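The block underneath contains the structure these notes are about, expressed in structure tokens.
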Amino acid sequence: MKRRNFLRTAAATGLAAPFLFQSKAFAQSRSPKRKMTLNLVCGAIGVKASQTRAIELAAQYGFESVEAHGAYLSGLSGGEMDELLADLKRKRLVWGTCGLPVDFRKDEDTFKEDLKALPNIAAGLERAGVERVSTWLMPAHNELTYNQNFKQHAKRLKKVCKILADHDLRFGMEYVGTTTLLISRKYPFVHTMAEVLELVDAIGTGNAGIVLDSWHWWQADDSVADIEALRNEDIVLVDLNDAPKGVEKQQQLDGKRELPLATGVIDVGPFLNALNAIGYDGPVRAEPFNQPLRDLDDDAACRATVDSLKKAFELIR
């Protein structure tokens with residue numbers, strides 16, 4: 001997309017509004033105000049990219065960490081891995097998280113089959129120096145009551161966490177607080193910070209934590225004090241998003257969000273400063289599920305995303 005066309009599209013959609021390898025040089029390149037990193041997750045902004053292409057885009061547009069592709073990394077030879085890691089270090093990038101390649105939400109057979117492949121992928125992530133794996137939790141179910149669902153999640157995810165722990169990987173779960181999703185099925189499930197922390201305790205492996213999304217934090221009516229009560233090691237990944245204007249909070253749709261600071265509906269300043277106060281040092285990604293952003297070409301989408309994250313980070317005091 002031409003720059004003029006991009007600016008025209010951005011203005012119309014509101015996108016223009018926000019406009020193991022951590023070396024000493026990399027650490028010094030970041031603002032002394034924060035330890036958290038600007039994280040590129042291509043799929044979250046509508047960009048289809050291989051692992052190597054994602055690394056190129058992250059470096060080109062000023063991101064500081066990049067999503068890890070577990071299946072790709074686990075298939076690399078020793079020489080190929082060395083070459084990729086050298087490139088990552090040269091570009092002064094570190095890994096963000098890898099999405100969990102296990103479907104634990106369906107039937108038992110599906111879960112067991114996916115679990116068989118996890119040790120090999122986890123080993124590949126360990127070789128690459130990746131330290132974080134993340135997923136999300138559906139906040140409702142049609143058949144399982146809260147207690148039944150909680151027990152199933154704790155049992156299955158404990159097995160996941162044990163495998164990940166064998167490879168020095170931390171595991172983060174994103175609670176989904178969106179009201180319209182919570183009431184979409186018969187039985188509600190985990191949808192607040194307090195509840196996901198109870199699930200962490202029930203798993204009990206020592207390497208489980210949470211994925212904290214500003215959207216779900218806002219939807220769940222969680223507070224700054226709730227964040228301040230956490231420790232850095234409790235959080236595996238942070239998502240930063242805004243919400244559309246003119247829609248009642250409880251009528252917001254999970255798949256229609258905005259880039260950070262696009263509307264100001266979600267006050268991300270206190271959110272980020274609370275994270276900074278507890279020393280959060282992990283990746284921060286934008287996950288807006290925004291169609292106008294997805295309609296942009298790769299370069300324009302990456303540029304709009306990193307600009308919005310950088311502007312949000314300027315709120316850290």
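Ordered as shown in the structure tokens, chains take letters A, B, and onward, while each chain numbers its residues from 1 and ligands are numbered from 1 in the order shown.
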**OP:** Using only C-alpha atoms, determine which residues lie at most 6 Å from stretch 96-112 of chain A, disregarding the query and same-chain residues fewer than 2 positions distant; provide the list as a list in words.
**Re:** Ser65, Val66, Glu67, Ala68, Asp114, Leu115, Arg132, Val133, Ser134, Thr135 and Pro283 of chain A
Would you save the residues from that selection as a compact mmCIF listing (two decimals), in the first residue's frame, using N, CA and C atoms?
```txt
# COMPACT_ATOMS: atom_id res chain seq x y z
N SER A 65 11.03 -7.95 20.55
CA SER A 65 10.88 -9.40 20.70
C SER A 65 9.93 -9.89 19.62
N VAL A 66 9.95 -11.20 19.38
CA VAL A 66 9.17 -11.76 18.28
C VAL A 66 8.63 -13.13 18.70
N GLU A 67 7.44 -13.45 18.22
CA GLU A 67 6.82 -14.73 18.53
C GLU A 67 7.68 -15.89 18.01
N ALA A 68 7.74 -16.96 18.80
CA ALA A 68 8.46 -18.16 18.39
C ALA A 68 7.48 -19.15 17.75
N ASP A 114 -2.45 -34.60 20.71
CA ASP A 114 -1.64 -33.39 20.65
C ASP A 114 -0.51 -33.42 21.68
N LEU A 115 -0.81 -33.98 22.85
CA LEU A 115 0.18 -34.00 23.93
C LEU A 115 1.41 -34.84 23.54
N ARG A 132 8.97 -19.00 27.10
CA ARG A 132 7.56 -18.78 27.43
C ARG A 132 6.63 -19.41 26.40
N VAL A 133 5.57 -20.06 26.89
CA VAL A 133 4.52 -20.63 26.06
C VAL A 133 3.19 -20.10 26.59
N SER A 134 2.24 -19.79 25.70
CA SER A 134 1.00 -19.17 26.16
C SER A 134 -0.22 -19.72 25.45
N THR A 135 -1.38 -19.55 26.09
CA THR A 135 -2.66 -19.94 25.51
C THR A 135 -3.76 -19.10 26.13
N PRO A 283 7.30 -9.92 27.19
CA PRO A 283 6.78 -9.31 25.97
C PRO A 283 5.42 -8.66 26.14
```
**OP:** If you run DSSP over the backbone, which residues in stretch 78-185 of chain A end up alpha helix (DSSP H)? Put them as a PyMOL selection string.
**Re:** chain A and resi 78-90+108-128+146-165+179-182
Subject >> Sel. of strand (DSSP E or B) residues, stretch 54-297 of chain A, as a PyMOL selection string >> reply: chain A and resi 65-66+94-95+98-99+132-136+140-141+170-174+187-188+208-213+235-239+242+258+283-285
Dump of C-alpha atoms for the selected residues, as a compact mmCIF listing (two decimals), in the first residue's frame:
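Generated output (selection_12.txt):
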```
# COMPACT_ATOMS: atom_id res chain seq x y z
CA SER A 65 10.88 -9.40 20.70
CA VAL A 66 9.17 -11.76 18.28
CA VAL A 94 14.72 -11.76 21.91
CA TRP A 95 11.91 -14.32 21.86
CA CYS A 98 5.16 -19.55 21.56
CA GLY A 99 1.51 -20.47 21.29
CA ARG A 132 7.56 -18.78 27.43
CA VAL A 133 4.52 -20.63 26.06
CA SER A 134 1.00 -19.17 26.16
CA THR A 135 -2.66 -19.94 25.51
CA TRP A 136 -6.16 -18.66 26.30
CA ALA A 140 -17.96 -20.65 29.16
CA HIS A 141 -19.04 -24.20 28.27
CA ARG A 170 7.00 -21.17 31.60
CA PHE A 171 3.31 -21.44 30.73
CA GLY A 172 0.82 -18.56 30.65
CA MET A 173 -2.99 -18.74 30.53
CA GLU A 174 -5.08 -15.80 29.35
CA TYR A 187 -22.06 -22.55 32.14
CA PRO A 188 -19.64 -19.68 32.89
CA ALA A 208 2.34 -21.77 35.33
CA GLY A 209 1.29 -18.12 35.27
CA ILE A 210 -1.06 -15.75 33.50
CA VAL A 211 -1.41 -13.85 30.26
CA LEU A 212 -2.67 -10.40 31.17
CA ASP A 213 -4.68 -8.57 28.50
CA ILE A 235 2.98 -12.97 34.25
CA VAL A 236 4.14 -14.74 31.09
CA LEU A 237 2.76 -12.37 28.45
CA VAL A 238 0.90 -9.05 28.24
CA ASP A 239 -1.60 -8.00 25.57
CA ASP A 242 -8.19 -0.59 23.23
CA GLU A 258 -8.61 -1.34 18.56
CA PRO A 283 6.78 -9.31 25.97
CA VAL A 284 3.91 -6.92 25.30
CA ARG A 285 1.94 -7.50 22.09
```
Subject >> Residue neighbourhood A:Arg127, 10 Å, only C-alpha atoms, exclusion window fewer than 2 positions, as number ranges by chain >> reply: A: 73-74, 76, 78, 81-82, 85, 121-125, 129-130, 167
For the selection just defined, write its residues with N, CA and C atoms to a file, as a PDB file, in the first residue's frame.
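Output (again_15.pdb):
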```
ATOM      1  N   LEU A  73      10.865 -24.306  14.729  1.00  0.00           N
ATOM      2  CA  LEU A  73      12.120 -24.363  15.485  1.00  0.00           C
ATOM      3  C   LEU A  73      12.498 -25.795  15.828  1.00  0.00           C
ATOM      4  N   SER A  74      11.517 -26.623  16.137  1.00  0.00           N
ATOM      5  CA  SER A  74      11.834 -28.005  16.515  1.00  0.00           C
ATOM      6  C   SER A  74      12.319 -28.827  15.336  1.00  0.00           C
ATOM      7  N   LEU A  76      14.520 -27.659  13.032  1.00  0.00           N
ATOM      8  CA  LEU A  76      15.804 -27.162  12.548  1.00  0.00           C
ATOM      9  C   LEU A  76      16.954 -28.083  12.940  1.00  0.00           C
ATOM     10  N   GLY A  78      21.060 -28.610  13.823  1.00  0.00           N
ATOM     11  CA  GLY A  78      21.938 -27.833  14.686  1.00  0.00           C
ATOM     12  C   GLY A  78      22.512 -26.626  13.988  1.00  0.00           C
ATOM     13  N   MET A  81      19.788 -23.988  13.346  1.00  0.00           N
ATOM     14  CA  MET A  81      19.446 -23.291  14.580  1.00  0.00           C
ATOM     15  C   MET A  81      20.510 -22.256  14.929  1.00  0.00           C
ATOM     16  N   ASP A  82      21.768 -22.630  14.806  1.00  0.00           N
ATOM     17  CA  ASP A  82      22.853 -21.698  15.107  1.00  0.00           C
ATOM     18  C   ASP A  82      22.767 -20.453  14.215  1.00  0.00           C
ATOM     19  N   LEU A  85      19.763 -18.244  15.312  1.00  0.00           N
ATOM     20  CA  LEU A  85      20.008 -17.563  16.583  1.00  0.00           C
ATOM     21  C   LEU A  85      21.047 -16.452  16.430  1.00  0.00           C
ATOM     22  N   ILE A 121       8.416 -30.587  20.431  1.00  0.00           N
ATOM     23  CA  ILE A 121       8.332 -29.143  20.197  1.00  0.00           C
ATOM     24  C   ILE A 121       8.970 -28.382  21.356  1.00  0.00           C
ATOM     25  N   ALA A 122       8.701 -28.823  22.568  1.00  0.00           N
ATOM     26  CA  ALA A 122       9.285 -28.173  23.740  1.00  0.00           C
ATOM     27  C   ALA A 122      10.806 -28.256  23.719  1.00  0.00           C
ATOM     28  N   ALA A 123      11.337 -29.380  23.257  1.00  0.00           N
ATOM     29  CA  ALA A 123      12.788 -29.527  23.152  1.00  0.00           C
ATOM     30  C   ALA A 123      13.353 -28.549  22.135  1.00  0.00           C
ATOM     31  N   GLY A 124      12.652 -28.367  21.035  1.00  0.00           N
ATOM     32  CA  GLY A 124      13.089 -27.397  20.027  1.00  0.00           C
ATOM     33  C   GLY A 124      13.074 -25.977  20.557  1.00  0.00           C
ATOM     34  N   LEU A 125      12.043 -25.649  21.333  1.00  0.00           N
ATOM     35  CA  LEU A 125      11.972 -24.322  21.943  1.00  0.00           C
ATOM     36  C   LEU A 125      13.124 -24.109  22.926  1.00  0.00           C
ATOM     37  N   GLY A 129      16.266 -21.318  22.943  1.00  0.00           N
ATOM     38  CA  GLY A 129      16.329 -20.333  24.014  1.00  0.00           C
ATOM     39  C   GLY A 129      15.011 -19.674  24.330  1.00  0.00           C
ATOM     40  N   VAL A 130      13.915 -20.232  23.807  1.00  0.00           N
ATOM     41  CA  VAL A 130      12.584 -19.715  24.131  1.00  0.00           C
ATOM     42  C   VAL A 130      12.253 -20.093  25.573  1.00  0.00           C
ATOM     43  N   HIS A 167      11.666 -28.701  30.073  1.00  0.00           N
ATOM     44  CA  HIS A 167      12.466 -27.955  29.099  1.00  0.00           C
ATOM     45  C   HIS A 167      12.577 -26.470  29.480  1.00  0.00           C
TER      46      HIS A 167
END
```
Subject >> Closest of A:Glu83, A:Asp234, A:Glu64, A:Asp298 to A:Leu197 - atom-to-atom distances counting only C-alpha atoms >> reply: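 Of the candidates, the smallest distance to A:Leu197 is held by A:Asp234.
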Original post:
What gap, in Å, lies between atom CA of A:Val47 and atom CA of A:Thr305?
Top reply: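 Answer for the atom CA of A:Val47 to atom CA of A:Thr305 separation: 11.2 Å.
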Subject >> A:Gly62, A:Pro292, A:Gly70, A:Pro260 ranked by distance to A:Ser50, top pick (using only C-alpha atoms) >> reply: A:Gly70
Subject >> Shell of 6 Å around A:Gly279, only C-alpha atoms, local chain residues under 2 positions omitted, as number ranges by chain >> reply: A: 232, 276-277
Please save N, CA and C atoms of the selected residues as a PDB file, in the first residue's frame.
```pdb
ATOM      1  N   ASN A 232       6.443 -10.257  39.097  1.00  0.00           N
ATOM      2  CA  ASN A 232       6.889 -10.366  37.709  1.00  0.00           C
ATOM      3  C   ASN A 232       6.755 -11.802  37.204  1.00  0.00           C
ATOM      4  N   ASN A 276       4.991  -2.021  35.245  1.00  0.00           N
ATOM      5  CA  ASN A 276       6.360  -1.542  35.381  1.00  0.00           C
ATOM      6  C   ASN A 276       6.785  -1.520  36.841  1.00  0.00           C
ATOM      7  N   ALA A 277       5.844  -1.179  37.723  1.00  0.00           N
ATOM      8  CA  ALA A 277       6.154  -1.093  39.150  1.00  0.00           C
ATOM      9  C   ALA A 277       6.525  -2.446  39.738  1.00  0.00           C
TER      10      ALA A 277
END
```
Original post:
Quick one: residues within 10 Å of A:Asp226, only C-alpha atoms counted, chain neighbours fewer than 2 positions away excluded, as a PyMOL selection string?
Top reply: chain A and resi 193-194+217+222-224+228-230+274
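Counting from atom CA of A:Ala59, the distance to atom CA of A:Lys91 is 6.0 Å.
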